[in-house]
Amino acid sequence: MKTLFTLLKKGVSICCFMIVFICHTTLHAQIIYTDIPDATPNATYPLDLNNDTMVDFMIHFGSSGGSGIGVQCSPLNNNAYAGEFVDGVYLPWALSSATPICEALTSWYDASHPGTMGLGANIGYWPGATNKYLALKLLVGTNTYYGWARFDVLDMSGSFTIKDF
């Protein structure tokens with residue numbers, strides 16, 4: 001009887017250790033919310049999602065090759081944004097707060113495909129958008145993280161405001 005009790009006690013200890021180990025490894029998958037003062041930059045905003053001093057995305061506005069004023073998302077390194085390719089233009093989606101941002105968003109575009117958030121009033125999903133989310137994929141080493149940045153874009157795409165990420 002004493003041996004059975006000792007075995008049960010060891011079994012409970014091992015189970016507790018396993019629970020702590022499993023919970024500890026899942027703690028790494030957490031949300032890091034960064035609230036910044038709303039920023040409306042003159043031309044570009046370097047976005048560093050994980051605060052490692054390396055710019056992950058450049059968001060910029062200005063003239064777009066003589067075809068008007070626009071706002072563009074340029075991923076750096078192997079990072080990407082979610083969107084779609086329409087009529088020869090890469091268009092990042094302007095998502096609502098209820099949209100999950102994860103690998104299930106199947107269309108991710110990297111640095112070789114900068115995305116037009118808005119060009120004038122008629123191209124892109126962002127012209128006139130308020131409190132919409134840009135879905136972002138960040139690659140750090142062998143790890144993939146998903147995140148977002150919240151923006152407003154003026155009706156004519158002449159300016160944007162980043163609010164948080």
# chains A, B, ... in the order shown; residues from 1 in each chain; ligands from 1
call {"tool": "select_by_dssp", "arguments": {"residues": "region 13-128 of chain A", "states": "strand (DSSP E or B)", "output": "PyMOL selection string"}}
result
chain A and resi 35-39+44-47+57-63+69-75+80-86+89-92+95+108-109+115-119+123
call {"tool": "write_last_selection", "arguments": {"atoms": "N, CA and C atoms", "output": "short mmCIF file (atom, residue, chain, number, x, y, z; two decimals), in the first residue's frame"}}
result
data_model
loop_
_atom_site.label_atom_id
_atom_site.label_comp_id
_atom_site.auth_asym_id
_atom_site.auth_seq_id
_atom_site.Cartn_x
_atom_site.Cartn_y
_atom_site.Cartn_z
N ASP A 35 0.96 51.04 -28.07
CA ASP A 35 0.18 52.25 -28.29
C ASP A 35 1.15 53.40 -28.48
N ILE A 36 1.06 54.04 -29.60
CA ILE A 36 1.95 55.17 -29.90
C ILE A 36 1.10 56.42 -30.00
N PRO A 37 1.70 57.58 -29.83
CA PRO A 37 0.94 58.79 -30.13
C PRO A 37 0.57 58.75 -31.62
N ASP A 38 -0.69 59.06 -31.95
CA ASP A 38 -1.10 59.04 -33.36
C ASP A 38 -0.09 59.84 -34.17
N ALA A 39 0.42 59.23 -35.24
CA ALA A 39 1.46 59.86 -36.05
C ALA A 39 1.00 60.01 -37.49
N THR A 44 7.22 59.04 -44.65
CA THR A 44 7.34 57.62 -44.33
C THR A 44 7.21 57.38 -42.83
N TYR A 45 6.83 56.15 -42.53
CA TYR A 45 6.81 55.70 -41.14
C TYR A 45 7.50 54.34 -41.09
N PRO A 46 8.66 54.27 -40.43
CA PRO A 46 9.34 52.97 -40.28
C PRO A 46 8.69 52.19 -39.14
N LEU A 47 8.14 51.05 -39.44
CA LEU A 47 7.42 50.24 -38.46
C LEU A 47 8.29 49.08 -37.99
N PHE A 57 8.66 47.13 -41.71
CA PHE A 57 7.81 47.62 -42.79
C PHE A 57 8.02 49.12 -42.92
N MET A 58 7.95 49.62 -44.16
CA MET A 58 7.94 51.07 -44.40
C MET A 58 6.56 51.42 -44.95
N ILE A 59 5.90 52.34 -44.28
CA ILE A 59 4.62 52.84 -44.76
C ILE A 59 4.91 54.26 -45.23
N HIS A 60 4.56 54.56 -46.47
CA HIS A 60 4.90 55.89 -46.99
C HIS A 60 3.84 56.40 -47.94
N PHE A 61 3.83 57.71 -48.09
CA PHE A 61 2.93 58.32 -49.05
C PHE A 61 3.69 59.38 -49.83
N GLY A 62 3.13 59.71 -50.97
CA GLY A 62 3.73 60.69 -51.86
C GLY A 62 3.30 60.40 -53.28
N SER A 63 3.95 61.05 -54.22
CA SER A 63 3.64 60.82 -55.64
C SER A 63 4.03 59.42 -56.03
N ILE A 69 -1.24 60.83 -55.92
CA ILE A 69 -0.76 60.67 -54.54
C ILE A 69 -1.25 59.33 -54.01
N GLY A 70 -0.38 58.63 -53.32
CA GLY A 70 -0.78 57.33 -52.80
C GLY A 70 -0.09 56.98 -51.50
N VAL A 71 -0.61 55.94 -50.85
CA VAL A 71 -0.04 55.39 -49.62
C VAL A 71 0.35 53.95 -49.93
N GLN A 72 1.57 53.58 -49.51
CA GLN A 72 2.10 52.26 -49.86
C GLN A 72 2.69 51.57 -48.64
N CYS A 73 2.58 50.24 -48.61
CA CYS A 73 3.19 49.39 -47.59
C CYS A 73 4.31 48.60 -48.25
N SER A 74 5.52 48.77 -47.73
CA SER A 74 6.67 48.03 -48.26
C SER A 74 7.27 47.15 -47.17
N PRO A 75 7.03 45.84 -47.24
CA PRO A 75 7.65 44.94 -46.27
C PRO A 75 9.16 44.89 -46.51
N ALA A 80 5.76 40.29 -44.56
CA ALA A 80 4.71 40.36 -45.57
C ALA A 80 3.45 41.02 -45.01
N TYR A 81 2.57 41.44 -45.91
CA TYR A 81 1.25 41.96 -45.56
C TYR A 81 0.22 41.08 -46.26
N ALA A 82 -1.02 41.12 -45.77
CA ALA A 82 -2.10 40.34 -46.39
C ALA A 82 -2.90 41.24 -47.33
N GLY A 83 -3.24 40.70 -48.48
CA GLY A 83 -4.01 41.47 -49.45
C GLY A 83 -4.33 40.62 -50.66
N GLU A 84 -4.49 41.29 -51.79
CA GLU A 84 -4.75 40.56 -53.02
C GLU A 84 -4.18 41.33 -54.21
N PHE A 85 -4.08 40.63 -55.32
CA PHE A 85 -3.56 41.17 -56.57
C PHE A 85 -4.74 41.41 -57.49
N VAL A 86 -5.01 42.70 -57.82
CA VAL A 86 -6.18 43.05 -58.62
C VAL A 86 -5.74 43.96 -59.76
N VAL A 89 -2.22 45.33 -59.65
CA VAL A 89 -1.81 46.11 -58.49
C VAL A 89 -1.97 45.25 -57.23
N TYR A 90 -0.95 45.27 -56.37
CA TYR A 90 -1.02 44.58 -55.08
C TYR A 90 -1.71 45.50 -54.09
N LEU A 91 -2.81 45.01 -53.49
CA LEU A 91 -3.65 45.83 -52.62
C LEU A 91 -3.76 45.21 -51.23
N PRO A 92 -3.14 45.82 -50.22
CA PRO A 92 -3.33 45.34 -48.85
C PRO A 92 -4.78 45.55 -48.40
N LEU A 95 -8.77 45.79 -42.92
CA LEU A 95 -9.59 44.85 -42.17
C LEU A 95 -10.29 45.50 -40.98
N TRP A 108 -0.37 36.42 -48.81
CA TRP A 108 0.64 37.24 -48.16
C TRP A 108 1.66 37.68 -49.20
N TYR A 109 2.01 38.96 -49.18
CA TYR A 109 2.94 39.51 -50.17
C TYR A 109 4.15 40.12 -49.47
N GLY A 115 2.72 46.96 -51.53
CA GLY A 115 1.28 47.07 -51.68
C GLY A 115 0.78 48.50 -51.69
N THR A 116 -0.13 48.79 -52.58
CA THR A 116 -0.76 50.10 -52.66
C THR A 116 -1.98 50.12 -51.75
N MET A 117 -1.84 50.80 -50.61
CA MET A 117 -2.97 50.91 -49.69
C MET A 117 -4.04 51.80 -50.31
N GLY A 118 -3.60 52.86 -50.95
CA GLY A 118 -4.53 53.75 -51.62
C GLY A 118 -3.80 54.59 -52.65
N LEU A 119 -4.43 54.83 -53.77
CA LEU A 119 -3.88 55.71 -54.80
C LEU A 119 -5.03 56.59 -55.25
N ILE A 123 -8.35 53.73 -56.01
CA ILE A 123 -7.56 52.50 -56.08
C ILE A 123 -7.16 52.09 -54.67
#
call {"tool": "residues_around", "arguments": {"residues": "Asn79 (chain A)", "least_positions_apart": "3", "cutoff": "12 Å", "atoms": "only C-alpha atoms", "output": "MDAnalysis selection string"}}
result
chainID A and resid 47:49 54:58 73:76 82 108:114 135:141 143:147
call {"tool": "select_by_dssp", "arguments": {"residues": "region 5-160 of chain A", "states": "helix (DSSP H, G or I)", "output": "NGL selection string"}}
result
:A and (5-26)
call {"tool": "atom_distance", "arguments": {"atom1": "CA of Ala121 (chain A)", "atom2": "CA of Tyr133 (chain A)"}}
result
18.5 Å
call {"tool": "atom_distance", "arguments": {"atom1": "CA of Phe160 (chain A)", "atom2": "CA of Tyr125 (chain A)"}}
result
13.1 Å
call {"tool": "decode", "arguments": {"residues": "region 58-80 of chain A", "atoms": "N, CA, C and O atoms", "output": "CSV table (one decimal), in the first residue's frame"}}
result
chain,number,residue,atom,x,y,z
A,58,MET,N,7.9,49.6,-44.2
A,58,MET,CA,7.9,51.1,-44.4
A,58,MET,C,6.6,51.4,-44.9
A,58,MET,O,6.1,50.8,-45.9
A,59,ILE,N,5.9,52.3,-44.3
A,59,ILE,CA,4.6,52.8,-44.8
A,59,ILE,C,4.9,54.3,-45.2
A,59,ILE,O,5.5,55.1,-44.5
A,60,HIS,N,4.6,54.6,-46.5
A,60,HIS,CA,4.9,55.9,-47.0
A,60,HIS,C,3.8,56.4,-47.9
A,60,HIS,O,3.0,55.6,-48.5
A,61,PHE,N,3.8,57.7,-48.1
A,61,PHE,CA,2.9,58.3,-49.0
A,61,PHE,C,3.7,59.4,-49.8
A,61,PHE,O,4.7,59.9,-49.4
A,62,GLY,N,3.1,59.7,-51.0
A,62,GLY,CA,3.7,60.7,-51.9
A,62,GLY,C,3.3,60.4,-53.3
A,62,GLY,O,2.4,59.6,-53.5
A,63,SER,N,4.0,61.1,-54.2
A,63,SER,CA,3.6,60.8,-55.6
A,63,SER,C,4.0,59.4,-56.0
A,63,SER,O,5.1,58.9,-55.6
A,64,SER,N,3.2,58.8,-56.9
A,64,SER,CA,3.5,57.4,-57.3
A,64,SER,C,3.7,57.4,-58.8
A,64,SER,O,2.8,57.1,-59.6
A,65,GLY,N,4.9,57.8,-59.2
A,65,GLY,CA,5.3,57.7,-60.6
A,65,GLY,C,4.4,58.6,-61.5
A,65,GLY,O,4.1,58.2,-62.7
A,66,GLY,N,4.0,59.7,-61.1
A,66,GLY,CA,3.2,60.6,-61.9
A,66,GLY,C,1.7,60.2,-62.0
A,66,GLY,O,0.9,60.9,-62.6
A,67,SER,N,1.3,59.1,-61.3
A,67,SER,CA,-0.1,58.7,-61.4
A,67,SER,C,-0.9,59.1,-60.1
A,67,SER,O,-1.9,58.6,-59.9
A,68,GLY,N,-0.4,60.1,-59.4
A,68,GLY,CA,-1.2,60.7,-58.3
A,68,GLY,C,-0.5,60.4,-57.0
A,68,GLY,O,0.6,59.9,-56.9
A,69,ILE,N,-1.2,60.8,-55.9
A,69,ILE,CA,-0.8,60.7,-54.5
A,69,ILE,C,-1.3,59.3,-54.0
A,69,ILE,O,-2.4,59.0,-54.2
A,70,GLY,N,-0.4,58.6,-53.3
A,70,GLY,CA,-0.8,57.3,-52.8
A,70,GLY,C,-0.1,57.0,-51.5
A,70,GLY,O,0.9,57.6,-51.1
A,71,VAL,N,-0.6,55.9,-50.8
A,71,VAL,CA,0.0,55.4,-49.6
A,71,VAL,C,0.4,54.0,-49.9
A,71,VAL,O,-0.4,53.2,-50.5
A,72,GLN,N,1.6,53.6,-49.5
A,72,GLN,CA,2.1,52.3,-49.9
A,72,GLN,C,2.7,51.6,-48.6
A,72,GLN,O,3.3,52.2,-47.8
A,73,CYS,N,2.6,50.2,-48.6
A,73,CYS,CA,3.2,49.4,-47.6
A,73,CYS,C,4.3,48.6,-48.3
A,73,CYS,O,4.1,47.9,-49.2
A,74,SER,N,5.5,48.8,-47.7
A,74,SER,CA,6.7,48.0,-48.3
A,74,SER,C,7.3,47.1,-47.2
A,74,SER,O,7.9,47.6,-46.3
A,75,PRO,N,7.0,45.8,-47.2
A,75,PRO,CA,7.7,44.9,-46.3
A,75,PRO,C,9.2,44.9,-46.5
A,75,PRO,O,9.6,45.0,-47.6
A,76,LEU,N,9.9,44.7,-45.5
A,76,LEU,CA,11.4,44.6,-45.6
A,76,LEU,C,11.7,43.2,-45.2
A,76,LEU,O,11.0,42.5,-44.4
A,77,ASN,N,12.9,42.7,-45.6
A,77,ASN,CA,13.4,41.4,-45.4
A,77,ASN,C,12.3,40.4,-45.9
A,77,ASN,O,11.8,40.5,-47.0
A,78,ASN,N,12.0,39.4,-45.1
A,78,ASN,CA,11.0,38.3,-45.5
A,78,ASN,C,9.6,38.6,-45.0
A,78,ASN,O,8.8,37.7,-45.0
A,79,ASN,N,9.4,39.7,-44.4
A,79,ASN,CA,8.1,40.1,-43.8
A,79,ASN,C,7.0,40.3,-44.9
A,79,ASN,O,7.4,40.4,-46.1
A,80,ALA,N,5.8,40.3,-44.6
A,80,ALA,CA,4.7,40.4,-45.6
A,80,ALA,C,3.5,41.0,-45.0
A,80,ALA,O,3.3,41.1,-43.8
